[in-house]
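Participant: start15.cif is the file, holding mmCIF, C-alpha atoms and all ligand atoms:
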```cif
data_run
#
loop_
_atom_site.group_PDB
_atom_site.id
_atom_site.type_symbol
_atom_site.label_atom_id
_atom_site.label_comp_id
_atom_site.auth_asym_id
_atom_site.auth_seq_id
_atom_site.Cartn_x
_atom_site.Cartn_y
_atom_site.Cartn_z
ATOM 1 C CA MET A 1 74.454 205.889 96.408
ATOM 2 C CA ILE A 2 78.244 205.925 96.589
ATOM 3 C CA GLY A 3 80.481 202.849 96.588
ATOM 4 C CA LEU A 4 83.768 202.821 98.511
ATOM 5 C CA LEU A 5 86.693 200.545 97.753
ATOM 6 C CA GLY A 6 89.475 200.756 100.303
ATOM 7 C CA GLY A 7 92.723 198.908 99.826
ATOM 8 C CA THR A 8 96.473 198.873 99.920
ATOM 9 C CA PHE A 9 96.613 198.575 96.127
ATOM 10 C CA ASP A 10 100.213 197.326 96.175
ATOM 11 C CA PRO A 11 99.562 197.235 93.202
ATOM 12 C CA ILE A 12 95.961 197.712 91.977
ATOM 13 C CA HIS A 13 94.994 194.907 89.558
ATOM 14 C CA PHE A 14 92.113 193.520 87.487
ATOM 15 C CA GLY A 15 90.849 191.562 90.514
ATOM 16 C CA HIS A 16 89.937 194.961 92.003
ATOM 17 C CA LEU A 17 88.926 196.718 88.817
ATOM 18 C CA ARG A 18 86.696 194.284 86.950
ATOM 19 C CA PRO A 19 84.368 193.443 89.896
ATOM 20 C CA ALA A 20 84.235 197.189 90.673
ATOM 21 C CA LEU A 21 83.134 198.028 87.126
ATOM 22 C CA GLU A 22 80.504 195.309 87.168
ATOM 23 C CA LEU A 23 79.140 196.634 90.468
ATOM 24 C CA LEU A 24 79.077 200.162 89.073
ATOM 25 C CA GLU A 25 77.069 198.975 86.086
ATOM 26 C CA GLU A 26 74.773 196.539 87.877
ATOM 27 C CA LEU A 27 73.834 198.582 90.960
ATOM 28 C CA SER A 28 72.732 202.202 91.110
ATOM 29 C CA PHE A 29 76.030 203.757 92.107
ATOM 30 C CA ALA A 30 76.471 207.410 91.236
ATOM 31 C CA GLU A 31 80.181 206.829 91.672
ATOM 32 C CA LEU A 32 82.680 204.364 93.010
ATOM 33 C CA ARG A 33 85.518 205.799 95.058
ATOM 34 C CA PHE A 34 88.899 204.107 95.338
ATOM 35 C CA LEU A 35 90.469 204.912 98.700
ATOM 36 C CA PRO A 36 94.121 203.876 98.871
ATOM 37 C CA ALA A 37 95.428 203.527 102.421
ATOM 38 C CA PRO A 38 98.813 205.262 102.815
ATOM 39 C CA ARG A 39 99.538 203.531 106.126
ATOM 40 C CA PRO A 40 97.346 200.421 106.288
ATOM 41 C CA ALA A 41 96.811 198.644 109.609
ATOM 42 C CA LEU A 42 96.952 194.879 110.058
ATOM 43 C CA ARG A 43 99.558 193.962 107.467
ATOM 44 C CA ASN A 44 103.223 194.181 106.596
ATOM 45 C CA PRO A 45 104.293 197.567 105.261
ATOM 46 C CA PRO A 46 103.563 197.835 101.520
ATOM 47 C CA LEU A 47 106.522 197.547 99.131
ATOM 48 C CA ALA A 48 105.573 200.513 96.928
ATOM 49 C CA THR A 49 105.412 203.914 98.603
ATOM 50 C CA ALA A 50 102.069 205.511 99.416
ATOM 51 C CA ASP A 51 102.560 207.975 96.550
ATOM 52 C CA GLU A 52 103.409 205.193 94.084
ATOM 53 C CA ARG A 53 100.332 203.209 95.094
ATOM 54 C CA ARG A 54 98.095 206.257 94.710
ATOM 55 C CA GLU A 55 99.631 206.968 91.317
ATOM 56 C CA MET A 56 98.946 203.405 90.170
ATOM 57 C CA VAL A 57 95.298 203.738 91.228
ATOM 58 C CA ALA A 58 95.052 207.051 89.362
ATOM 59 C CA ARG A 59 96.473 205.488 86.190
ATOM 60 C CA ALA A 60 94.294 202.391 86.473
ATOM 61 C CA ILE A 61 91.010 204.293 86.710
ATOM 62 C CA ALA A 62 91.851 207.210 84.391
ATOM 63 C CA GLY A 63 89.096 207.751 81.844
ATOM 64 C CA GLN A 64 86.555 205.417 83.421
ATOM 65 C CA PRO A 65 83.359 207.396 84.103
ATOM 66 C CA GLY A 66 82.102 206.825 87.642
ATOM 67 C CA PHE A 67 85.475 205.743 89.022
ATOM 68 C CA VAL A 68 86.962 208.346 91.376
ATOM 69 C CA LEU A 69 90.237 208.466 93.309
ATOM 70 C CA ASP A 70 89.624 209.675 96.861
ATOM 71 C CA ASP A 71 92.902 210.248 98.687
ATOM 72 C CA ARG A 72 91.481 211.647 101.908
ATOM 73 C CA GLU A 73 93.464 209.119 103.956
ATOM 74 C CA TYR A 74 96.655 210.857 102.753
ATOM 75 C CA ARG A 75 95.558 213.990 104.551
ATOM 76 C CA ARG A 76 95.338 212.303 107.960
ATOM 77 C CA PRO A 77 98.374 211.466 110.058
ATOM 78 C CA GLY A 78 98.971 208.014 111.492
ATOM 79 C CA THR A 79 97.498 204.638 110.632
ATOM 80 C CA SER A 80 94.717 204.626 108.037
ATOM 81 C CA TYR A 81 91.586 203.306 109.746
ATOM 82 C CA MET A 82 88.396 202.832 107.724
ATOM 83 C CA ILE A 83 86.206 203.967 110.619
ATOM 84 C CA ASP A 84 87.883 207.416 110.524
ATOM 85 C CA THR A 85 87.402 207.548 106.757
ATOM 86 C CA LEU A 86 83.698 206.765 107.038
ATOM 87 C CA ARG A 87 83.176 209.394 109.747
ATOM 88 C CA ASP A 88 84.997 211.884 107.582
ATOM 89 C CA LEU A 89 82.878 211.032 104.524
ATOM 90 C CA ARG A 90 79.660 211.352 106.549
ATOM 91 C CA ALA A 91 80.741 214.749 107.856
ATOM 92 C CA GLU A 92 81.325 215.850 104.262
ATOM 93 C CA LEU A 93 78.393 214.200 102.478
ATOM 94 C CA GLY A 94 75.728 214.383 105.198
ATOM 95 C CA GLY A 95 73.636 211.590 106.662
ATOM 96 C CA GLU A 96 71.244 210.883 103.781
ATOM 97 C CA VAL A 97 73.242 209.401 100.930
ATOM 98 C CA PRO A 98 73.656 205.613 101.059
ATOM 99 C CA LEU A 99 77.333 204.710 101.397
ATOM 100 C CA VAL A 100 78.412 201.181 100.501
ATOM 101 C CA LEU A 101 81.764 199.877 101.647
ATOM 102 C CA ILE A 102 82.796 197.146 99.224
ATOM 103 C CA MET A 103 85.179 194.433 100.367
ATOM 104 C CA GLY A 104 86.233 190.921 99.437
ATOM 105 C CA MET A 105 85.206 187.970 101.578
ATOM 106 C CA ASP A 106 88.785 187.683 102.850
ATOM 107 C CA ALA A 107 88.677 191.225 104.203
ATOM 108 C CA PHE A 108 85.219 190.661 105.696
ATOM 109 C CA ARG A 109 86.372 187.578 107.585
ATOM 110 C CA GLY A 110 89.066 189.698 109.204
ATOM 111 C CA LEU A 111 86.625 192.448 110.150
ATOM 112 C CA PRO A 112 86.728 191.794 113.937
ATOM 113 C CA GLY A 113 90.374 192.914 113.811
ATOM 114 C CA TRP A 114 89.468 196.352 112.443
ATOM 115 C CA ARG A 115 89.277 199.372 114.718
ATOM 116 C CA ALA A 116 85.691 199.986 115.928
ATOM 117 C CA TRP A 117 84.456 197.374 113.436
ATOM 118 C CA GLN A 118 80.976 197.170 114.899
ATOM 119 C CA GLN A 119 80.501 200.879 114.192
ATOM 120 C CA LEU A 120 81.344 200.664 110.495
ATOM 121 C CA THR A 121 77.683 199.969 109.690
ATOM 122 C CA ASP A 122 76.603 203.108 111.608
ATOM 123 C CA HIS A 123 78.010 204.984 108.631
ATOM 124 C CA ALA A 124 77.803 202.629 105.642
ATOM 125 C CA HIS A 125 76.393 199.376 104.333
ATOM 126 C CA LEU A 126 78.850 196.590 103.630
ATOM 127 C CA LEU A 127 78.852 194.818 100.293
ATOM 128 C CA VAL A 128 80.899 191.639 100.500
ATOM 129 C CA THR A 129 82.107 190.048 97.274
ATOM 130 C CA GLU A 130 83.187 186.479 97.158
ATOM 131 C CA ARG A 131 86.774 185.696 96.481
ATOM 132 C CA PRO A 132 88.349 182.579 94.990
ATOM 133 C CA GLY A 133 89.514 180.163 97.655
ATOM 134 C CA VAL A 134 87.946 182.044 100.577
ATOM 135 C CA PRO A 135 85.311 180.006 102.454
ATOM 136 C CA ARG A 136 81.772 181.406 102.738
ATOM 137 C CA THR A 137 80.928 180.044 106.178
ATOM 138 C CA LEU A 138 81.286 182.372 109.140
ATOM 139 C CA GLU A 139 81.593 181.648 112.836
ATOM 140 C CA GLY A 140 81.931 183.340 116.206
ATOM 141 C CA GLU A 141 81.358 187.015 116.903
ATOM 142 C CA LEU A 142 81.155 187.944 113.231
ATOM 143 C CA ALA A 143 78.362 185.403 112.644
ATOM 144 C CA SER A 144 76.358 186.626 115.637
ATOM 145 C CA TRP A 145 76.928 190.299 114.793
ATOM 146 C CA LEU A 146 75.634 189.588 111.299
ATOM 147 C CA GLU A 147 72.249 188.387 112.526
ATOM 148 C CA GLY A 148 69.537 190.836 111.488
ATOM 149 C CA ARG A 149 71.882 192.801 109.252
ATOM 150 C CA VAL A 150 71.899 190.711 106.094
ATOM 151 C CA LEU A 151 70.185 192.362 103.133
ATOM 152 C CA GLU A 152 68.341 190.181 100.654
ATOM 153 C CA SER A 153 68.695 192.397 97.605
ATOM 154 C CA ALA A 154 70.783 195.205 96.200
ATOM 155 C CA GLN A 155 67.614 197.331 96.159
ATOM 156 C CA ALA A 156 67.675 197.359 99.983
ATOM 157 C CA LEU A 157 70.957 199.313 99.904
ATOM 158 C CA GLN A 158 69.067 202.341 98.656
ATOM 159 C CA GLU A 159 66.329 202.210 101.246
ATOM 160 C CA ARG A 160 68.587 203.330 104.117
ATOM 161 C CA PRO A 161 71.866 205.245 104.216
ATOM 162 C CA ALA A 162 73.741 202.543 106.172
ATOM 163 C CA GLY A 163 73.424 199.491 108.414
ATOM 164 C CA GLY A 164 73.047 196.439 106.158
ATOM 165 C CA VAL A 165 75.359 193.737 104.831
ATOM 166 C CA LEU A 166 74.863 192.391 101.329
ATOM 167 C CA PHE A 167 76.703 189.326 100.037
ATOM 168 C CA ARG A 168 77.148 189.189 96.324
ATOM 169 C CA ARG A 169 78.604 186.760 93.854
ATOM 170 C CA GLN A 170 80.747 188.653 91.425
ATOM 171 C CA ARG A 171 82.850 187.407 88.578
ATOM 172 C CA LEU A 172 85.795 185.702 90.206
ATOM 173 C CA LEU A 173 89.268 186.645 89.054
ATOM 174 C CA GLU A 174 92.008 184.745 90.747
ATOM 175 C CA ILE A 175 94.462 187.637 91.013
ATOM 176 C CA SER A 176 96.092 189.027 94.131
ATOM 177 C CA ALA A 177 98.651 191.758 94.683
ATOM 178 C CA THR A 178 100.730 189.254 96.660
ATOM 179 C CA ASP A 179 101.005 186.985 93.611
ATOM 180 C CA ILE A 180 101.839 189.907 91.344
ATOM 181 C CA ARG A 181 104.651 191.046 93.652
ATOM 182 C CA ALA A 182 106.006 187.498 93.883
ATOM 183 C CA CYS A 183 105.842 187.075 90.130
ATOM 184 C CA ILE A 184 107.855 190.263 89.504
ATOM 185 C CA ALA A 185 110.382 189.410 92.247
ATOM 186 C CA GLU A 186 110.999 186.103 90.465
ATOM 187 C CA GLY A 187 111.742 187.979 87.267
ATOM 188 C CA ARG A 188 108.503 187.025 85.504
ATOM 189 C CA SER A 189 106.069 189.361 83.800
ATOM 190 C CA ALA A 190 102.867 190.581 85.499
ATOM 191 C CA ARG A 191 101.432 191.716 82.181
ATOM 192 C CA TYR A 192 97.695 191.058 81.621
ATOM 193 C CA LEU A 193 97.045 190.773 85.365
ATOM 194 C CA LEU A 194 96.720 194.530 85.657
ATOM 195 C CA PRO A 195 96.242 197.547 83.365
ATOM 196 C CA GLU A 196 99.028 198.176 80.883
ATOM 197 C CA THR A 197 99.498 201.705 82.255
ATOM 198 C CA VAL A 198 100.140 200.285 85.723
ATOM 199 C CA TRP A 199 102.510 197.642 84.376
ATOM 200 C CA ASP A 200 104.452 200.350 82.507
ATOM 201 C CA TYR A 201 104.689 202.394 85.714
ATOM 202 C CA ILE A 202 105.920 199.357 87.697
ATOM 203 C CA GLN A 203 108.669 198.822 85.135
ATOM 204 C CA GLU A 204 109.610 202.517 84.989
ATOM 205 C CA ARG A 205 109.934 202.666 88.769
ATOM 206 C CA ARG A 206 111.467 199.191 88.993
ATOM 207 C CA LEU A 207 108.913 198.215 91.631
ATOM 208 C CA TYR A 208 108.673 194.796 93.270
ATOM 209 C CA ARG A 209 111.960 193.529 91.828
ATOM 210 C CA THR A 210 112.821 192.274 95.278
ATOM 211 C CA THR A 211 110.642 191.090 98.135
ATOM 212 C CA ASN A 212 112.940 193.003 100.488
ATOM 213 C CA GLU A 213 110.757 195.580 102.300
ATOM 214 C CA SER A 214 113.454 198.273 102.279
ATOM 215 C CA ARG A 215 113.901 198.927 98.595
HETATM 216 P P1 LIG B 1 97.434 191.601 98.963
HETATM 217 O O1 LIG B 1 97.597 190.357 98.128
HETATM 218 O O2 LIG B 1 98.660 192.458 99.027
HETATM 219 O O3 LIG B 1 96.811 191.349 100.308
HETATM 220 P P2 LIG B 1 95.007 192.273 97.519
HETATM 221 O O4 LIG B 1 95.187 191.783 96.121
HETATM 222 O O5 LIG B 1 94.150 191.449 98.435
HETATM 223 O O6 LIG B 1 96.421 192.547 98.158
HETATM 224 P P3 LIG B 1 94.113 194.800 98.606
HETATM 225 O O7 LIG B 1 94.520 196.126 98.125
HETATM 226 O O8 LIG B 1 94.624 194.351 99.917
HETATM 227 O O9 LIG B 1 94.482 193.749 97.427
HETATM 228 O O10 LIG B 1 92.546 194.601 98.550
HETATM 229 C C1 LIG B 1 91.594 195.613 98.552
HETATM 230 C C2 LIG B 1 90.224 194.996 98.487
HETATM 231 O O11 LIG B 1 90.036 194.307 97.247
HETATM 232 C C3 LIG B 1 89.932 193.955 99.588
HETATM 233 O O12 LIG B 1 88.613 194.159 100.054
HETATM 234 C C4 LIG B 1 90.073 192.639 98.863
HETATM 235 O O13 LIG B 1 89.257 191.656 99.440
HETATM 236 C C5 LIG B 1 89.581 192.990 97.453
HETATM 237 N N1 LIG B 1 90.189 192.133 96.422
HETATM 238 C C6 LIG B 1 91.484 192.030 96.103
HETATM 239 N N2 LIG B 1 91.681 191.150 95.101
HETATM 240 C C7 LIG B 1 90.471 190.655 94.764
HETATM 241 C C8 LIG B 1 89.997 189.678 93.784
HETATM 242 N N3 LIG B 1 90.836 189.032 92.979
HETATM 243 N N4 LIG B 1 88.657 189.443 93.729
HETATM 244 C C9 LIG B 1 87.806 190.073 94.558
HETATM 245 N N5 LIG B 1 88.177 191.007 95.495
HETATM 246 C C10 LIG B 1 89.491 191.289 95.601
#
```
If you took the structure in this file and wrote it as C-alpha cells, what would it be?
Facilitator:
Amino acid sequence: MIGLLGGTFDPIHFGHLRPALELLEELSFAELRFLPAPRPALRNPPLATADERREMVARAIAGQPGFVLDDREYRRPGTSYMIDTLRDLRAELGGEVPLVLIMGMDAFRGLPGWRAWQQLTDHAHLLVTERPGVPRTLEGELASWLEGRVLESAQALQERPAGGVLFRRQRLLEISATDIRACIAEGRSARYLLPETVWDYIQERRLYRTTNESR
C-alpha cells in the first residue's frame, strides 16, 4: 500500500510532516510519497518557485525511511491535476497495489472543485485527516457522493486497490503555510513550525519576505 500526499508545500511544515509520519507508522504503508504540485490549480500562484518548493520538500524528508519525493508533476506541462497524477501512477504501478490519497479535511471539502473529482476513487482510496478549525459536517453533492464509500477501518484500505474513503483523527497541529508566509512577511521567525533545514533554506533564499506575488 502506497500513501500519496499532494500539496503546494509553500512551504512544507510540521503540519504536513508529523501526521504523515504517524500514518506511515500506524498503517501498513510501504512508502509515503510527497507530490509537490509545480502549477497547482484552484489557488493563487505560490510565492516560492516550483523548484524551491520541491527543494524544501526534499530537505524536509531527507533521511526519513519510507518518505519519498515524487516529482512526476514536474514532468507534465500545464496545470497540475491530481487525476492525471493518479492515472500516471496506475499506469506505472499496475492495478493491484492499494493507493491512498491523503488529504486534510479542508482539501476534501473543496473536492467538487477538482478536475474529474468523482473519478479520483477509480484509482485510489481517499484518507481524510481532520484539521483544526475545519468543520466535519458535509452537505450537498459531496455528502451524497460519499454514501456507500466510507470505510470503517484502516484495514479495509488493503482489501481493494481503490474506491473507499476513510476519515481519520490524527494529531492536530495548528500550522498552515499561509500563516508561516505571513509570519515571515511581518519580519517574525517561523522557526519551530517547520524543519530547521527548511527554515535555513528559506533564510538563504530570502523567501516570503514580502507577500507580493512577484518577488
Ligand atoms: P496554504 O496555507 O498555503 O493553503 P497548507 O498549509 O494548507 O497551505 P498545502 O500544501 O496546501 O498546505 O497542503 C497540502 C495538504 O496538507 C492538504 O491536503 C492539506 O489539507 C494538508 N495540511 C496542511 N496543513 C495541515 C495541518 N496543519 N494538519 C493537517 N493537514 C494539513
Participant: For this structure, which residues satisfy the selection - the PyMOL selection byres (((chain A and resi 80-84) around 12) and not hetatm) - when it is evaluated on the file as given? I want them as a PyMOL selection string.
Facilitator: chain A and resi 4-8+35-43+50+71-79+85-91+101-103+111+113-124
Participant: Which protein, DNA or RNA residues have an atom within 10 Å of ligand LIG 1 (chain B), counting all atoms listed in the file, as a count of residues only?
Facilitator: 59
Participant: Which residue gives the smallest distance to A:Met1 among A:Leu69, A:Ala154, A:Ala143, A:Ala62, with only C-alpha atoms counted?
Facilitator: A:Ala154
Participant: Find the residues near A:Glu25: any atom within 12 Å, counting all atoms listed in the file, skip ones fewer than 5 places away on the same chain, and give them as a VMD selection string.
Facilitator: chain A and resid 3 18 to 20 30 to 32 64 to 67
Participant: Using atom CA of A:Ile184 and atom CA of A:Thr210 as the two end points, give the distance in Å to one decimal.
Facilitator: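 Separating atom CA of A:Ile184 from atom CA of A:Thr210 is a distance of 7.9 Å.
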Participant: Because some atoms of stretch 4-15 of chain A are absent here, can you restore all heavy atoms and send them as a PDB file, keeping the file's coordinate frame?
Facilitator:
```pdb
ATOM      1  N   LEU A   4      82.432 202.532  97.991  1.00  0.00           N
ATOM      2  CA  LEU A   4      83.768 202.821  98.511  1.00  0.00           C
ATOM      3  C   LEU A   4      84.617 201.566  98.465  1.00  0.00           C
ATOM      4  O   LEU A   4      84.200 200.511  98.948  1.00  0.00           O
ATOM      5  CB  LEU A   4      83.665 203.288  99.977  1.00  0.00           C
ATOM      6  CG  LEU A   4      82.662 204.399 100.260  1.00  0.00           C
ATOM      7  CD1 LEU A   4      82.484 204.574 101.766  1.00  0.00           C
ATOM      8  CD2 LEU A   4      83.121 205.709  99.618  1.00  0.00           C
ATOM      9  N   LEU A   5      85.782 201.691  97.862  1.00  0.00           N
ATOM     10  CA  LEU A   5      86.693 200.545  97.753  1.00  0.00           C
ATOM     11  C   LEU A   5      88.018 200.908  98.399  1.00  0.00           C
ATOM     12  O   LEU A   5      88.832 201.598  97.780  1.00  0.00           O
ATOM     13  CB  LEU A   5      86.936 200.278  96.281  1.00  0.00           C
ATOM     14  CG  LEU A   5      86.272 199.053  95.707  1.00  0.00           C
ATOM     15  CD1 LEU A   5      86.026 199.270  94.231  1.00  0.00           C
ATOM     16  CD2 LEU A   5      87.173 197.850  95.918  1.00  0.00           C
ATOM     17  N   GLY A   6      88.208 200.489  99.619  1.00  0.00           N
ATOM     18  CA  GLY A   6      89.475 200.756 100.303  1.00  0.00           C
ATOM     19  C   GLY A   6      90.466 199.654  99.970  1.00  0.00           C
ATOM     20  O   GLY A   6      90.065 198.543  99.624  1.00  0.00           O
ATOM     21  N   GLY A   7      91.742 199.967 100.070  1.00  0.00           N
ATOM     22  CA  GLY A   7      92.723 198.908  99.826  1.00  0.00           C
ATOM     23  C   GLY A   7      94.138 199.436  99.932  1.00  0.00           C
ATOM     24  O   GLY A   7      94.368 200.646 100.007  1.00  0.00           O
ATOM     25  N   THR A   8      95.062 198.497  99.918  1.00  0.00           N
ATOM     26  CA  THR A   8      96.473 198.873  99.920  1.00  0.00           C
ATOM     27  C   THR A   8      96.918 199.143  98.488  1.00  0.00           C
ATOM     28  O   THR A   8      97.744 200.018  98.245  1.00  0.00           O
ATOM     29  CB  THR A   8      97.312 197.725 100.544  1.00  0.00           C
ATOM     30  OG1 THR A   8      96.732 197.402 101.808  1.00  0.00           O
ATOM     31  CG2 THR A   8      98.743 198.133 100.745  1.00  0.00           C
ATOM     32  N   PHE A   9      96.338 198.388  97.555  1.00  0.00           N
ATOM     33  CA  PHE A   9      96.613 198.575  96.127  1.00  0.00           C
ATOM     34  C   PHE A   9      98.121 198.558  95.844  1.00  0.00           C
ATOM     35  O   PHE A   9      98.664 199.483  95.255  1.00  0.00           O
ATOM     36  CB  PHE A   9      95.949 199.859  95.607  1.00  0.00           C
ATOM     37  CG  PHE A   9      94.454 199.892  95.817  1.00  0.00           C
ATOM     38  CD1 PHE A   9      93.838 200.931  96.518  1.00  0.00           C
ATOM     39  CD2 PHE A   9      93.651 198.872  95.322  1.00  0.00           C
ATOM     40  CE1 PHE A   9      92.454 200.939  96.722  1.00  0.00           C
ATOM     41  CE2 PHE A   9      92.268 198.878  95.524  1.00  0.00           C
ATOM     42  CZ  PHE A   9      91.669 199.920  96.227  1.00  0.00           C
ATOM     43  N   ASP A  10      98.748 197.474  96.278  1.00  0.00           N
ATOM     44  CA  ASP A  10     100.213 197.326  96.175  1.00  0.00           C
ATOM     45  C   ASP A  10     100.576 196.149  95.268  1.00  0.00           C
ATOM     46  O   ASP A  10     101.205 195.204  95.735  1.00  0.00           O
ATOM     47  CB  ASP A  10     100.767 197.122  97.600  1.00  0.00           C
ATOM     48  CG  ASP A  10     102.286 197.173  97.657  1.00  0.00           C
ATOM     49  OD1 ASP A  10     102.891 197.801  96.772  1.00  0.00           O
ATOM     50  OD2 ASP A  10     102.855 196.596  98.595  1.00  0.00           O
ATOM     51  N   PRO A  11     100.227 196.172  93.973  1.00  0.00           N
ATOM     52  CA  PRO A  11      99.562 197.235  93.202  1.00  0.00           C
ATOM     53  C   PRO A  11      98.065 196.925  92.981  1.00  0.00           C
ATOM     54  O   PRO A  11      97.604 195.822  93.264  1.00  0.00           O
ATOM     55  CB  PRO A  11     100.285 197.123  91.842  1.00  0.00           C
ATOM     56  CG  PRO A  11     100.497 195.639  91.696  1.00  0.00           C
ATOM     57  CD  PRO A  11     100.745 195.115  93.084  1.00  0.00           C
ATOM     58  N   ILE A  12      97.343 197.927  92.439  1.00  0.00           N
ATOM     59  CA  ILE A  12      95.961 197.712  91.977  1.00  0.00           C
ATOM     60  C   ILE A  12      96.015 196.749  90.780  1.00  0.00           C
ATOM     61  O   ILE A  12      96.989 196.748  90.020  1.00  0.00           O
ATOM     62  CB  ILE A  12      95.300 199.054  91.603  1.00  0.00           C
ATOM     63  CG1 ILE A  12      93.788 198.867  91.375  1.00  0.00           C
ATOM     64  CG2 ILE A  12      95.987 199.742  90.429  1.00  0.00           C
ATOM     65  CD1 ILE A  12      93.002 200.171  91.351  1.00  0.00           C
ATOM     66  N   HIS A  13      94.991 195.901  90.638  1.00  0.00           N
ATOM     67  CA  HIS A  13      94.994 194.907  89.558  1.00  0.00           C
ATOM     68  C   HIS A  13      93.564 194.656  89.075  1.00  0.00           C
ATOM     69  O   HIS A  13      92.603 195.196  89.637  1.00  0.00           O
ATOM     70  CB  HIS A  13      95.677 193.621  90.035  1.00  0.00           C
ATOM     71  CG  HIS A  13      95.133 193.058  91.320  1.00  0.00           C
ATOM     72  ND1 HIS A  13      93.896 192.490  91.410  1.00  0.00           N
ATOM     73  CD2 HIS A  13      95.661 193.007  92.578  1.00  0.00           C
ATOM     74  CE1 HIS A  13      93.690 192.077  92.651  1.00  0.00           C
ATOM     75  NE2 HIS A  13      94.741 192.395  93.397  1.00  0.00           N
ATOM     76  N   PHE A  14      93.446 193.770  88.066  1.00  0.00           N
ATOM     77  CA  PHE A  14      92.113 193.520  87.487  1.00  0.00           C
ATOM     78  C   PHE A  14      91.163 192.828  88.468  1.00  0.00           C
ATOM     79  O   PHE A  14      89.953 192.914  88.298  1.00  0.00           O
ATOM     80  CB  PHE A  14      92.240 192.697  86.202  1.00  0.00           C
ATOM     81  CG  PHE A  14      92.789 193.482  85.034  1.00  0.00           C
ATOM     82  CD1 PHE A  14      93.687 192.903  84.149  1.00  0.00           C
ATOM     83  CD2 PHE A  14      92.393 194.801  84.815  1.00  0.00           C
ATOM     84  CE1 PHE A  14      94.192 193.624  83.066  1.00  0.00           C
ATOM     85  CE2 PHE A  14      92.893 195.526  83.731  1.00  0.00           C
ATOM     86  CZ  PHE A  14      93.792 194.937  82.857  1.00  0.00           C
ATOM     87  N   GLY A  15      91.710 192.163  89.487  1.00  0.00           N
ATOM     88  CA  GLY A  15      90.849 191.562  90.514  1.00  0.00           C
ATOM     89  C   GLY A  15      90.100 192.617  91.312  1.00  0.00           C
ATOM     90  O   GLY A  15      89.048 192.349  91.883  1.00  0.00           O
TER      91      GLY A  15
END
```
